[in-house]
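Containing compact mmCIF, C-alpha atoms: target-v4.txt.
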```
# COMPACT_ATOMS: atom_id res chain seq x y z
CA MET A 232 -40.51 9.61 -23.06
CA PRO A 233 -40.17 13.26 -22.06
CA ASP A 234 -36.66 14.63 -21.70
CA ALA A 235 -35.98 15.01 -17.94
CA ARG A 236 -33.91 18.12 -18.66
CA MET A 237 -36.98 19.80 -20.08
CA GLU A 238 -38.97 19.26 -16.88
CA PRO A 239 -40.47 22.66 -16.03
CA PHE A 240 -38.53 23.74 -12.94
CA ARG A 241 -40.05 26.70 -11.17
CA PRO A 242 -37.41 29.13 -9.96
CA ASP A 243 -37.93 30.57 -6.47
CA ALA A 244 -35.82 33.59 -7.35
CA VAL A 245 -34.21 35.15 -10.39
CA THR A 246 -30.96 37.06 -10.58
CA ASP A 247 -29.27 38.80 -13.47
CA VAL A 248 -25.49 38.86 -13.66
CA THR A 249 -25.16 40.02 -17.26
CA ASP A 250 -23.83 43.38 -16.07
CA VAL A 251 -20.69 41.99 -14.46
CA LEU A 252 -17.64 39.96 -15.47
CA CYS A 253 -16.17 36.80 -13.95
CA PRO A 254 -15.54 36.18 -11.11
CA LEU A 255 -18.23 38.64 -10.00
CA THR A 256 -20.83 36.63 -11.91
CA PHE A 257 -20.14 33.70 -9.60
CA VAL A 258 -19.95 35.92 -6.50
CA ARG A 259 -23.36 37.43 -7.26
CA ALA A 260 -24.83 33.98 -7.92
CA VAL A 261 -23.47 32.71 -4.61
CA ALA A 262 -24.93 35.73 -2.80
CA ALA A 263 -28.32 35.17 -4.46
CA LEU A 264 -28.29 31.48 -3.50
CA ASP A 265 -27.41 32.46 0.05
CA GLU A 266 -30.79 34.18 0.33
CA LEU A 267 -32.63 30.96 -0.53
CA GLU A 268 -33.56 27.94 1.55
CA GLU A 269 -32.02 24.55 0.87
CA GLY A 270 -33.73 22.86 -2.08
CA GLN A 271 -35.00 26.10 -3.61
CA ILE A 272 -34.17 26.94 -7.20
CA LEU A 273 -32.43 30.03 -8.52
CA GLU A 274 -32.56 31.19 -12.12
CA ILE A 275 -29.44 33.08 -13.15
CA ARG A 276 -29.33 35.11 -16.33
CA LEU A 277 -25.77 35.34 -17.59
CA ASN A 278 -23.83 36.20 -20.71
CA ASP A 279 -22.75 33.64 -23.27
CA GLY A 280 -19.11 32.69 -23.28
CA GLU A 281 -16.93 32.83 -20.19
CA ALA A 282 -19.76 33.31 -17.69
CA ALA A 283 -21.90 30.55 -19.19
CA ARG A 284 -18.89 28.21 -19.13
CA ASN A 285 -17.58 29.04 -15.66
CA VAL A 286 -20.54 29.79 -13.43
CA PRO A 287 -22.24 26.38 -13.71
CA LEU A 288 -18.94 24.60 -13.02
CA SER A 289 -18.14 26.82 -10.05
CA LEU A 290 -21.60 26.43 -8.52
CA LYS A 291 -21.39 22.67 -8.96
CA ASP A 292 -17.99 22.78 -7.28
CA GLU A 293 -19.65 24.58 -4.34
CA GLY A 294 -21.97 21.61 -3.98
CA HIS A 295 -25.11 23.02 -5.61
CA GLN A 296 -27.10 21.10 -8.20
CA VAL A 297 -26.96 22.54 -11.69
CA LEU A 298 -30.30 21.72 -13.33
CA ARG A 299 -30.28 23.32 -16.74
CA LEU A 300 -28.55 25.88 -18.92
CA THR A 301 -30.61 27.26 -21.77
CA ASP A 302 -29.49 29.59 -24.54
CA ASN A 303 -31.83 32.54 -24.74
CA GLY A 304 -30.67 33.31 -28.29
CA ASP A 305 -29.88 36.94 -27.45
CA GLY A 306 -26.31 36.49 -26.24
CA THR A 307 -27.48 35.43 -22.80
CA CYS A 308 -28.18 32.11 -21.09
CA SER A 309 -30.46 31.10 -18.25
CA LEU A 310 -29.05 28.78 -15.63
CA LEU A 311 -31.22 26.89 -13.17
CA VAL A 312 -29.52 25.83 -9.93
CA ARG A 313 -30.89 24.07 -6.89
CA LYS A 314 -29.42 25.21 -3.60
CA LEU A 315 -27.80 22.43 -1.63
CA GLU A 316 -26.14 22.93 1.75
CA ASN A 317 -22.72 21.42 2.21
CA MET B 32 26.08 12.35 21.67
CA ILE B 33 23.66 13.96 19.27
CA LEU B 34 21.44 16.78 20.54
CA ILE B 35 18.80 18.53 18.49
CA VAL B 36 19.22 22.18 19.37
CA ALA B 37 16.76 24.61 17.79
CA GLY B 38 15.85 21.90 15.32
CA ASN B 39 19.42 21.15 14.23
CA PRO B 40 20.96 17.77 15.12
CA LYS B 41 24.60 18.22 16.11
CA GLU B 42 27.35 16.26 17.87
CA TYR B 43 28.05 17.39 21.44
CA PRO B 44 30.38 16.12 24.13
CA ASP B 45 28.88 13.58 26.53
CA ASP B 46 28.22 14.57 30.15
CA LEU B 47 26.63 17.88 29.28
CA ASN B 48 24.19 19.76 31.45
CA LEU B 49 21.98 22.65 30.32
CA THR B 50 24.23 25.30 31.83
CA ARG B 51 27.17 23.98 29.82
CA LEU B 52 25.09 23.73 26.63
CA ILE B 53 23.99 27.33 27.05
CA GLU B 54 27.67 28.32 27.24
CA LEU B 55 28.57 26.23 24.19
CA GLU B 56 25.71 27.71 22.19
CA LYS B 57 26.69 31.25 23.29
CA VAL B 58 23.09 31.97 24.27
CA GLU B 59 22.53 35.69 24.74
CA THR B 60 21.31 36.86 28.19
CA PRO B 61 20.96 33.26 29.45
CA ILE B 62 19.20 34.22 32.67
CA TYR B 63 16.24 35.50 30.63
CA VAL B 64 16.04 32.54 28.28
CA THR B 65 13.30 29.94 28.62
CA VAL B 66 14.45 26.41 27.88
CA ALA B 67 12.17 23.70 26.57
CA LEU B 68 13.59 20.18 26.75
CA ASN B 69 11.65 17.52 24.82
CA ASP B 70 8.43 19.57 24.92
CA SER B 71 8.52 20.52 28.59
CA PHE B 72 9.85 23.64 30.24
CA VAL B 73 12.92 23.54 32.46
CA GLU B 74 12.78 25.83 35.48
CA SER B 75 15.53 28.43 35.29
CA GLY B 76 16.98 27.25 38.60
CA GLY B 77 17.29 23.74 37.21
CA PHE B 78 19.72 24.20 34.31
CA GLU B 79 22.76 22.97 36.27
CA SER B 80 21.02 19.82 37.46
CA THR B 81 19.53 18.97 34.06
CA ALA B 82 21.78 16.42 32.39
CA LEU B 83 21.33 15.98 28.67
CA LYS B 84 21.22 12.66 26.91
CA ASP B 85 21.57 11.49 23.35
CA GLY B 86 18.62 12.50 21.18
CA ASP B 87 17.35 15.26 23.48
CA ARG B 88 15.59 18.15 21.79
CA VAL B 89 16.41 21.57 23.23
CA GLU B 90 14.77 24.88 22.37
CA PHE B 91 15.78 28.30 23.60
CA LEU B 92 13.00 30.87 23.76
CA TYR B 93 14.10 34.48 23.70
CA PHE B 94 12.33 37.58 24.84
CA MET B 95 11.37 39.74 21.89
CA GLY B 96 9.89 42.96 23.10
CA GLY B 97 9.68 45.00 19.93
CA GLY B 98 6.64 45.74 17.89
CA ARG B 99 6.41 49.42 17.12
CA MET C 17 -27.17 39.97 6.71
CA SER C 18 -26.61 40.50 2.99
CA PHE C 19 -23.95 42.39 1.09
CA SER C 20 -24.50 45.15 -1.44
CA GLY C 21 -23.26 44.72 -5.00
CA GLU C 22 -20.28 46.92 -4.15
CA GLN C 23 -19.45 44.86 -1.10
CA LEU C 24 -19.68 41.66 -3.14
CA ALA C 25 -17.20 43.15 -5.59
CA ARG C 26 -14.91 44.41 -2.81
CA TYR C 27 -14.78 41.04 -1.09
CA SER C 28 -15.05 38.91 -4.24
CA ARG C 29 -11.59 37.36 -3.79
CA HIS C 30 -12.62 36.11 -0.36
CA ILE C 31 -16.02 34.93 -1.56
CA ILE C 32 -14.67 32.90 -4.47
CA LEU C 33 -12.10 31.30 -2.19
CA LYS C 34 -13.11 27.73 -1.49
CA GLY C 35 -13.07 27.04 2.24
CA PHE C 36 -13.73 30.70 3.02
CA GLY C 37 -16.54 31.91 0.81
CA LEU C 38 -19.51 34.07 1.63
CA ARG C 39 -19.79 32.39 5.01
CA GLY C 40 -16.25 33.42 5.96
CA GLN C 41 -16.86 36.96 4.75
CA LYS C 42 -20.03 37.28 6.79
CA ARG C 43 -18.17 36.13 9.86
CA LEU C 44 -15.48 38.76 9.25
CA SER C 45 -18.14 41.43 8.86
CA ARG C 46 -19.77 40.43 12.12
CA GLY C 47 -16.40 40.15 13.87
CA SER C 48 -14.35 42.64 15.83
CA VAL C 49 -10.64 43.04 16.57
CA LEU C 50 -8.77 45.32 18.96
CA ILE C 51 -5.27 46.23 17.82
CA VAL C 52 -3.05 47.45 20.63
CA GLY C 53 -0.37 49.68 19.14
CA ALA C 54 -0.54 51.49 15.80
CA GLY C 55 3.12 50.84 15.06
CA GLY C 56 5.26 48.39 13.13
CA LEU C 57 3.12 45.33 13.79
CA GLY C 58 -0.16 47.17 14.13
CA SER C 59 0.21 48.95 10.77
CA PRO C 60 0.00 45.95 8.46
CA ALA C 61 -2.40 44.15 10.79
CA ALA C 62 -4.79 47.10 10.85
CA LEU C 63 -4.62 47.71 7.11
CA TYR C 64 -5.20 44.07 6.19
CA LEU C 65 -8.05 43.64 8.66
CA ALA C 66 -9.70 46.85 7.47
CA ALA C 67 -9.29 45.81 3.85
CA ALA C 68 -10.63 42.34 4.67
CA GLY C 69 -13.84 43.84 5.97
CA VAL C 70 -13.64 43.04 9.66
CA GLY C 71 -16.78 44.80 10.82
CA ARG C 72 -15.45 46.62 13.84
CA ILE C 73 -11.83 47.43 14.63
CA GLY C 74 -10.45 49.30 17.62
CA ILE C 75 -6.96 50.75 17.45
CA ILE C 76 -5.29 52.07 20.55
CA ASP C 77 -2.14 54.17 20.78
CA ALA C 78 -1.27 57.24 22.84
CA ASP C 79 1.68 58.40 20.74
CA GLU C 80 2.02 60.84 17.90
CA VAL C 81 3.52 60.01 14.53
CA ASP C 82 7.27 60.67 14.50
CA LEU C 83 9.61 60.78 11.52
CA SER C 84 11.52 57.76 12.83
CA ASN C 85 8.29 55.70 12.72
CA LEU C 86 7.80 55.96 8.98
CA GLN C 87 10.55 53.49 8.05
CA ARG C 88 8.18 50.67 9.13
CA GLN C 89 4.83 52.01 10.34
CA ILE C 90 3.23 51.98 6.93
CA ILE C 91 -0.22 53.00 8.09
CA HIS C 92 1.11 56.54 8.64
CA GLY C 93 2.42 58.92 6.01
CA THR C 94 4.71 61.91 6.01
CA ALA C 95 1.70 64.20 6.07
CA ASP C 96 0.65 62.59 9.39
CA LEU C 97 3.75 63.71 11.33
CA GLY C 98 2.71 64.98 14.75
CA LYS C 99 -0.81 63.58 14.52
CA PRO C 100 -2.07 61.09 17.08
CA LYS C 101 -1.23 57.64 15.75
CA ALA C 102 -4.66 56.26 16.58
CA ASP C 103 -6.34 58.96 14.48
CA SER C 104 -3.85 58.67 11.64
CA ALA C 105 -4.32 54.88 11.60
CA ARG C 106 -8.10 55.22 11.61
CA ALA C 107 -8.00 57.60 8.65
CA SER C 108 -5.81 55.21 6.64
CA MET C 109 -8.04 52.25 7.44
CA LEU C 110 -11.19 54.09 6.43
CA ALA C 111 -9.47 55.30 3.27
CA VAL C 112 -8.94 51.66 2.34
CA ASN C 113 -12.40 50.57 3.43
CA PRO C 114 -15.08 53.06 4.45
CA GLU C 115 -17.57 50.23 4.96
CA ILE C 116 -16.20 49.24 8.37
CA GLU C 117 -16.35 50.84 11.80
CA VAL C 118 -13.05 51.98 13.29
CA ARG C 119 -12.65 53.29 16.80
CA ALA C 120 -9.46 55.26 17.47
CA ILE C 121 -8.46 55.21 21.13
CA ARG C 122 -5.83 57.74 22.16
CA ALA C 123 -4.55 56.09 25.32
CA PHE C 124 -2.02 53.63 26.64
CA ALA C 125 -3.37 50.31 27.80
CA ASP C 126 -2.78 49.82 31.51
CA ALA C 127 -4.07 47.69 34.34
CA GLY C 128 -6.82 50.22 34.97
CA ASN C 129 -8.36 50.22 31.49
CA ILE C 130 -7.33 46.98 29.76
CA MET C 131 -10.29 44.83 30.84
CA GLU C 132 -12.71 47.50 29.68
CA LEU C 133 -10.79 47.97 26.40
CA ILE C 134 -10.82 44.32 25.36
CA ARG C 135 -14.34 43.56 26.56
CA ASP C 136 -16.21 44.36 23.36
CA TYR C 137 -13.83 42.65 20.93
CA ASP C 138 -13.63 39.07 19.67
CA PHE C 139 -9.89 39.00 19.08
CA ILE C 140 -6.97 41.08 20.31
CA ILE C 141 -3.71 41.81 18.49
CA ASP C 142 -0.69 42.67 20.57
CA GLY C 143 1.31 45.13 18.50
CA THR C 144 3.07 46.74 21.44
CA ASP C 145 6.78 47.32 21.85
CA ASN C 146 7.45 46.63 25.50
CA PHE C 147 7.22 43.78 27.95
CA PRO C 148 4.91 45.39 30.52
CA ALA C 149 2.31 45.83 27.77
CA LYS C 150 2.81 42.33 26.41
CA PHE C 151 2.30 40.76 29.84
CA LEU C 152 -0.65 43.07 30.52
CA ILE C 153 -2.40 42.02 27.30
CA ASN C 154 -1.66 38.35 27.96
CA ASP C 155 -3.03 38.45 31.49
CA ALA C 156 -6.10 40.46 30.57
CA CYS C 157 -6.96 38.14 27.66
CA VAL C 158 -6.48 35.02 29.79
CA LEU C 159 -8.61 36.52 32.59
CA ALA C 160 -11.33 37.64 30.19
CA GLY C 161 -11.23 34.42 28.18
CA LYS C 162 -10.30 36.23 24.94
CA ALA C 163 -8.23 34.92 22.06
CA PHE C 164 -5.24 37.04 21.11
CA SER C 165 -2.13 37.10 18.97
CA HIS C 166 1.18 37.76 20.65
CA ALA C 167 4.10 38.92 18.55
CA GLY C 168 7.52 40.33 19.19
CA ILE C 169 10.28 41.45 16.88
CA LEU C 170 13.92 42.18 17.47
CA ARG C 171 16.66 42.98 14.98
CA PHE C 172 16.12 40.37 12.23
CA ASN C 173 13.93 38.00 14.22
CA GLY C 174 10.29 37.73 15.06
CA GLN C 175 8.09 35.44 17.10
CA LEU C 176 4.40 34.78 17.21
CA LEU C 177 1.96 32.81 19.37
CA THR C 178 -1.82 32.67 19.35
CA TYR C 179 -3.66 32.13 22.59
CA VAL C 180 -7.16 30.69 22.57
CA PRO C 181 -8.75 29.94 25.95
CA GLY C 182 -8.32 26.28 26.80
CA GLU C 183 -5.95 25.64 23.90
CA GLY C 184 -2.23 25.61 24.52
CA PRO C 185 0.02 27.88 26.52
CA CYS C 186 -0.30 31.60 27.16
CA TYR C 187 2.61 34.03 26.85
CA ARG C 188 3.28 33.70 30.58
CA CYS C 189 3.65 29.91 30.24
CA LEU C 190 6.63 30.68 28.01
CA PHE C 191 7.98 33.61 30.00
CA LYS C 192 6.98 33.76 33.64
CA ASN C 193 7.72 37.42 34.25
CA PRO C 194 8.87 40.44 32.27
CA PRO C 195 12.63 40.88 32.26
CA PRO C 196 13.87 43.77 34.37
CA PRO C 197 13.97 47.08 32.50
CA GLU C 198 17.05 47.34 30.26
CA ALA C 199 17.91 43.65 30.67
CA VAL C 200 16.79 42.69 27.18
CA PRO C 201 17.11 45.01 24.21
CA THR C 202 13.96 46.42 22.63
CA CYS C 203 13.63 47.85 19.14
CA ARG C 204 14.45 51.33 20.34
CA GLN C 205 17.89 50.16 21.38
CA ALA C 206 18.43 47.41 18.86
CA GLY C 207 16.87 48.50 15.59
CA VAL C 208 14.58 46.59 13.27
CA ILE C 209 14.04 46.17 9.53
CA GLY C 210 10.68 47.58 8.49
CA ALA C 211 9.70 44.61 6.35
CA LEU C 212 10.20 42.31 9.38
CA ALA C 213 7.41 44.13 11.16
CA GLY C 214 5.40 43.77 7.95
CA VAL C 215 5.88 40.00 7.81
CA VAL C 216 5.03 39.43 11.45
CA GLY C 217 2.15 41.93 11.64
CA SER C 218 0.65 40.35 8.51
CA LEU C 219 0.85 36.93 10.15
CA GLN C 220 -1.07 38.39 13.11
CA ALA C 221 -3.75 39.66 10.75
CA MET C 222 -3.94 36.18 9.22
CA GLU C 223 -4.48 34.64 12.66
CA ALA C 224 -7.28 37.11 13.37
CA VAL C 225 -8.92 36.40 10.00
CA LYS C 226 -8.81 32.64 10.56
CA TYR C 227 -10.12 32.99 14.10
CA LEU C 228 -13.05 35.16 13.03
CA ALA C 229 -13.87 33.10 9.94
CA GLY C 230 -13.47 29.80 11.75
CA THR C 231 -11.17 28.57 8.99
CA GLY C 232 -8.01 26.52 9.33
CA GLY C 233 -5.75 25.97 12.29
CA LEU C 234 -4.33 28.62 14.59
CA LEU C 235 -0.89 29.10 16.04
CA THR C 236 -1.92 27.71 19.42
CA GLY C 237 0.50 25.49 21.31
CA ARG C 238 3.26 26.52 18.94
CA LEU C 239 5.62 29.46 18.89
CA LEU C 240 6.43 30.47 15.34
CA THR C 241 9.85 32.01 14.97
CA TYR C 242 11.06 33.88 11.93
CA ASP C 243 14.69 34.49 11.14
CA ALA C 244 14.75 37.05 8.36
CA LEU C 245 18.48 36.69 7.69
CA LYS C 246 18.15 32.97 7.05
CA THR C 247 14.65 33.34 5.58
CA SER C 248 13.61 30.58 7.91
CA PHE C 249 10.38 29.92 9.80
CA ARG C 250 10.22 27.40 12.63
CA GLY C 251 7.29 26.27 14.74
CA ILE C 252 8.22 25.16 18.25
CA ASP C 253 5.57 23.00 19.93
CA LEU C 254 5.12 24.09 23.51
CA PRO C 255 2.95 22.82 26.34
CA ARG C 256 0.83 24.71 28.83
CA ARG C 257 2.34 25.14 32.26
CA ALA C 258 0.07 23.64 34.89
CA ASP C 259 1.67 26.05 37.36
CA CYS C 260 1.35 29.13 35.13
CA PRO C 261 0.60 32.09 37.42
CA VAL C 262 -2.26 33.25 35.19
CA CYS C 263 -3.61 30.37 33.08
CA GLY C 264 -2.50 27.52 35.36
CA GLU C 265 -4.53 25.42 37.75
CA HIS C 266 -3.96 27.65 40.79
CA PRO C 267 -3.46 31.12 39.38
CA SER C 268 -1.87 33.76 41.58
CA ILE C 269 -2.64 36.57 39.12
CA THR C 270 -6.35 37.34 39.23
CA ALA C 271 -6.28 40.93 37.95
CA PRO C 272 -4.12 42.79 35.41
CA VAL C 273 -0.77 44.05 36.69
CA ASP C 274 1.18 47.18 35.72
CA TYR C 275 4.91 46.63 35.45
CA THR C 276 7.30 49.55 35.21
CA PRO C 277 8.47 49.86 31.64
CA ALA C 278 12.12 50.41 30.88
CA ALA C 279 13.11 54.05 31.20
CA CYS C 280 13.65 54.30 27.46
CA ASP C 281 10.04 53.29 26.87
CA PHE C 282 8.94 56.67 28.18
CA ARG C 283 9.20 59.69 26.00
```
Written form, structure tokens:
Amino acid sequence: MPDARMEPFRPDAVTDVTDVLCPLTFVRAVAALDELEEGQILEIRLNDGEAARNVPLSLKDEGHQVLRLTDNGDGTCSLLVRKLEN
Amino acid sequence: MILIVAGNPKEYPDDLNLTRLIELEKVETPIYVTVALNDSFVESGGFESTALKDGDRVEFLYFMGGGR
Amino acid sequence: MSFSGEQLARYSRHIILKGFGLRGQKRLSRGSVLIVGAGGLGSPAALYLAAAGVGRIGIIDADEVDLSNLQRQIIHGTADLGKPKADSARASMLAVNPEIEVRAIRAFADAGNIMELIRDYDFIIDGTDNFPAKFLINDACVLAGKAFSHAGILRFNGQLLTYVPGEGPCYRCLFKNPPPPEAVPTCRQAGVIGALAGVVGSLQAMEAVKYLAGTGGLLTGRLLTYDALKTSFRGIDLPRRADCPVCGEHPSITAPVDYTPAACDFR
């Protein structure tokens, strides 16, 4: 059976927050999600460590659906989030 | 009787009207004070005829004109 | 409307705030506030609203900055002595946040201009120091259906009430008419601690922020009193007066009125 987490989600937009620190990572992710329609998917590139730990939790707390966090192996991660209105 | 004046419950003599309470409380410039009794306003001409009873809540509203 | 990276950084502490967020910030940016009086109350209110990113702020004052103002009017500095307060305030606000629009109005509000002045603003802050102005702002806001924040300070005490059309009493429900000139002391005669103006003016800014952002409850139907000596805040629930001459069922005031200010209010 294929792993559901490996389902190939197609991001509707991509944003890179590797150039900023928390909480700006989250702020920029929120602003990028704001540009999308409900149900669309955002891919966020963020740094390992604090950002990779905090941003998924904070976005989930905002009511969005965190789909997947993958380690890019270069000190960054890619986070897939589905925009949900709340 | 107990009256709650500006939020503070306190013992007062019975047979008190608003005019007398204003004197007891040493309210500054009483003719310019608005009185609220149990959440309704008392007309300024009606202080003398407003008898207070146990448990009444009285608020004095003062003009504050400053700001600059 | 979307924010630049710099704006996102500037407003990040609003945006990360749950219950406020990007939505609240956008509403602030689209909102407008008129601050009447660039003095003790108006100083903190104007600085906080500018910093918060309220999109358009008007500040009206006809006076010039005087040395005796600087003990509490923190929007002005020593280098501003003699400058029009409205201009000095505008410069300070834009120094904090150049991303907003600030209109400096060098005038006194009166019955002839008040309706025009408030027309283009969502929320009005009364930061004036005399009763004629406070009643004028109240009446104009009630007549125009505008929300506003009333505040007054005296010695060590302050009071605050927010009026929103259809919700709770207006200032004239509480006080039917201005007291005669000289009957009640004003700050000029009675003195005031600078930080008191800071506390109360900041509360006015908070009311404006909540009103614009649509967050939380406002100080409608309740007079908040602050006693600085006791460090005590009290909210006094108050009703509307059905017979209020301006917001009541059969209003007798249908246009703004000029009252004569106390002699000491002229300089």
note - CA of Phe91 (chain B) and CA of Pro60 (chain C) are separated by 28.1 Å
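A straight line drawn from CA of Gly96 (chain B) to CA of Pro196 (chain C) is 12.0 Å long.
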Distance cut-off 12 Å, centre (-10.4, 42.8, 9.3) in file coordinates, counting all atoms listed in the file: which residues qualify? Return them as a compact mmCIF listing (two decimals) with C-alpha atoms, in the coordinates of the input.
```txt
# COMPACT_ATOMS: atom_id res chain seq x y z
CA TYR C 27 -14.78 41.04 -1.09
CA HIS C 30 -12.62 36.11 -0.36
CA GLY C 40 -16.25 33.42 5.96
CA GLN C 41 -16.86 36.96 4.75
CA LYS C 42 -20.03 37.28 6.79
CA ARG C 43 -18.17 36.13 9.86
CA LEU C 44 -15.48 38.76 9.25
CA SER C 45 -18.14 41.43 8.86
CA ARG C 46 -19.77 40.43 12.12
CA GLY C 47 -16.40 40.15 13.87
CA SER C 48 -14.35 42.64 15.83
CA VAL C 49 -10.64 43.04 16.57
CA LEU C 50 -8.77 45.32 18.96
CA ILE C 51 -5.27 46.23 17.82
CA PRO C 60 0.00 45.95 8.46
CA ALA C 61 -2.40 44.15 10.79
CA ALA C 62 -4.79 47.10 10.85
CA LEU C 63 -4.62 47.71 7.11
CA TYR C 64 -5.20 44.07 6.19
CA LEU C 65 -8.05 43.64 8.66
CA ALA C 66 -9.70 46.85 7.47
CA ALA C 67 -9.29 45.81 3.85
CA ALA C 68 -10.63 42.34 4.67
CA GLY C 69 -13.84 43.84 5.97
CA VAL C 70 -13.64 43.04 9.66
CA GLY C 71 -16.78 44.80 10.82
CA ARG C 72 -15.45 46.62 13.84
CA ILE C 73 -11.83 47.43 14.63
CA GLY C 74 -10.45 49.30 17.62
CA ILE C 75 -6.96 50.75 17.45
CA MET C 109 -8.04 52.25 7.44
CA LEU C 110 -11.19 54.09 6.43
CA VAL C 112 -8.94 51.66 2.34
CA ASN C 113 -12.40 50.57 3.43
CA GLU C 115 -17.57 50.23 4.96
CA ILE C 116 -16.20 49.24 8.37
CA GLU C 117 -16.35 50.84 11.80
CA VAL C 118 -13.05 51.98 13.29
CA ASP C 138 -13.63 39.07 19.67
CA PHE C 139 -9.89 39.00 19.08
CA ILE C 140 -6.97 41.08 20.31
CA ILE C 141 -3.71 41.81 18.49
CA SER C 218 0.65 40.35 8.51
CA GLN C 220 -1.07 38.39 13.11
CA ALA C 221 -3.75 39.66 10.75
CA MET C 222 -3.94 36.18 9.22
CA GLU C 223 -4.48 34.64 12.66
CA ALA C 224 -7.28 37.11 13.37
CA VAL C 225 -8.92 36.40 10.00
CA LYS C 226 -8.81 32.64 10.56
CA TYR C 227 -10.12 32.99 14.10
CA LEU C 228 -13.05 35.16 13.03
CA ALA C 229 -13.87 33.10 9.94
```
May I have the protein, DNA and RNA residues with an atom at most 12 Å from (-30.0, 21.9, -14.8), counting all atoms listed in the file in the file's coordinates, returned as a count of residues only?
29
Excluding same-chain residues fewer than 5 positions from Arg276 (chain A), what lies within 12 Å of it counting all atoms listed in the file, as a PDB file with C-alpha atoms, keeping the file's coordinate frame?
```pdb
ATOM      1  CA  PRO A 242     -37.410  29.130  -9.960  1.00  0.00           C
ATOM      2  CA  ALA A 244     -35.820  33.590  -7.350  1.00  0.00           C
ATOM      3  CA  VAL A 245     -34.210  35.150 -10.390  1.00  0.00           C
ATOM      4  CA  THR A 246     -30.960  37.060 -10.580  1.00  0.00           C
ATOM      5  CA  ASP A 247     -29.270  38.800 -13.470  1.00  0.00           C
ATOM      6  CA  VAL A 248     -25.490  38.860 -13.660  1.00  0.00           C
ATOM      7  CA  THR A 249     -25.160  40.020 -17.260  1.00  0.00           C
ATOM      8  CA  ASP A 250     -23.830  43.380 -16.070  1.00  0.00           C
ATOM      9  CA  VAL A 251     -20.690  41.990 -14.460  1.00  0.00           C
ATOM     10  CA  THR A 256     -20.830  36.630 -11.910  1.00  0.00           C
ATOM     11  CA  PHE A 257     -20.140  33.700  -9.600  1.00  0.00           C
ATOM     12  CA  ARG A 259     -23.360  37.430  -7.260  1.00  0.00           C
ATOM     13  CA  ALA A 260     -24.830  33.980  -7.920  1.00  0.00           C
ATOM     14  CA  ALA A 263     -28.320  35.170  -4.460  1.00  0.00           C
ATOM     15  CA  ALA A 282     -19.760  33.310 -17.690  1.00  0.00           C
ATOM     16  CA  ALA A 283     -21.900  30.550 -19.190  1.00  0.00           C
ATOM     17  CA  VAL A 286     -20.540  29.790 -13.430  1.00  0.00           C
ATOM     18  CA  PRO A 287     -22.240  26.380 -13.710  1.00  0.00           C
ATOM     19  CA  ARG A 299     -30.280  23.320 -16.740  1.00  0.00           C
ATOM     20  CA  LEU A 300     -28.550  25.880 -18.920  1.00  0.00           C
ATOM     21  CA  THR A 301     -30.610  27.260 -21.770  1.00  0.00           C
ATOM     22  CA  ASP A 302     -29.490  29.590 -24.540  1.00  0.00           C
ATOM     23  CA  ASN A 303     -31.830  32.540 -24.740  1.00  0.00           C
ATOM     24  CA  ASP A 305     -29.880  36.940 -27.450  1.00  0.00           C
ATOM     25  CA  GLY A 306     -26.310  36.490 -26.240  1.00  0.00           C
ATOM     26  CA  THR A 307     -27.480  35.430 -22.800  1.00  0.00           C
ATOM     27  CA  CYS A 308     -28.180  32.110 -21.090  1.00  0.00           C
ATOM     28  CA  SER A 309     -30.460  31.100 -18.250  1.00  0.00           C
ATOM     29  CA  LEU A 310     -29.050  28.780 -15.630  1.00  0.00           C
ATOM     30  CA  LEU A 311     -31.220  26.890 -13.170  1.00  0.00           C
ATOM     31  CA  VAL A 312     -29.520  25.830  -9.930  1.00  0.00           C
TER      32      VAL A 312
END
```
Pick out the closest residue to chain A from this set: C:Cys186, C:Ala25, C:Ile130, C:Ala163. Count all atoms listed in the file.
C:Ala25
The distance between CA of Ser268 (chain C) and CA of Asp155 (chain C) is 11.2 Å
Which of these residues is nearest to chain C, using all atoms listed in the file: A:Leu315, A:Val258, A:Leu267, A:Leu277?
A:Val258
If the cut-off is 7 Å, can you tell me the residues of chain C near chain A, counting only C-alpha atoms? I'd like them as a ChimeraX atom specification.
/C:24-25,28,31-32
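Residue neighbourhood of region 34-42 of chain B, excluding near-sequence residues (fewer than 6 positions): Lys84, Asp85, Gly86, Asp87, Arg88, Val89, Glu90 and Phe91 of chain B, at 8 Å, using all atoms listed in the file.
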Could you list the residues in chain C lying within 7 Å of chain B, using only C-alpha atoms, and format the result as a CSV table (one decimal) with C-alpha atoms, in the coordinates of the input?
```csv
chain,number,residue,atom,x,y,z
C,55,GLY,CA,3.1,50.8,15.1
C,56,GLY,CA,5.3,48.4,13.1
C,57,LEU,CA,3.1,45.3,13.8
C,143,GLY,CA,1.3,45.1,18.5
C,144,THR,CA,3.1,46.7,21.4
C,145,ASP,CA,6.8,47.3,21.8
C,146,ASN,CA,7.4,46.6,25.5
C,147,PHE,CA,7.2,43.8,28.0
C,168,GLY,CA,7.5,40.3,19.2
C,169,ILE,CA,10.3,41.4,16.9
C,170,LEU,CA,13.9,42.2,17.5
C,190,LEU,CA,6.6,30.7,28.0
C,191,PHE,CA,8.0,33.6,30.0
C,195,PRO,CA,12.6,40.9,32.3
C,202,THR,CA,14.0,46.4,22.6
C,203,CYS,CA,13.6,47.8,19.1
C,213,ALA,CA,7.4,44.1,11.2
C,253,ASP,CA,5.6,23.0,19.9
C,254,LEU,CA,5.1,24.1,23.5
C,255,PRO,CA,3.0,22.8,26.3
```
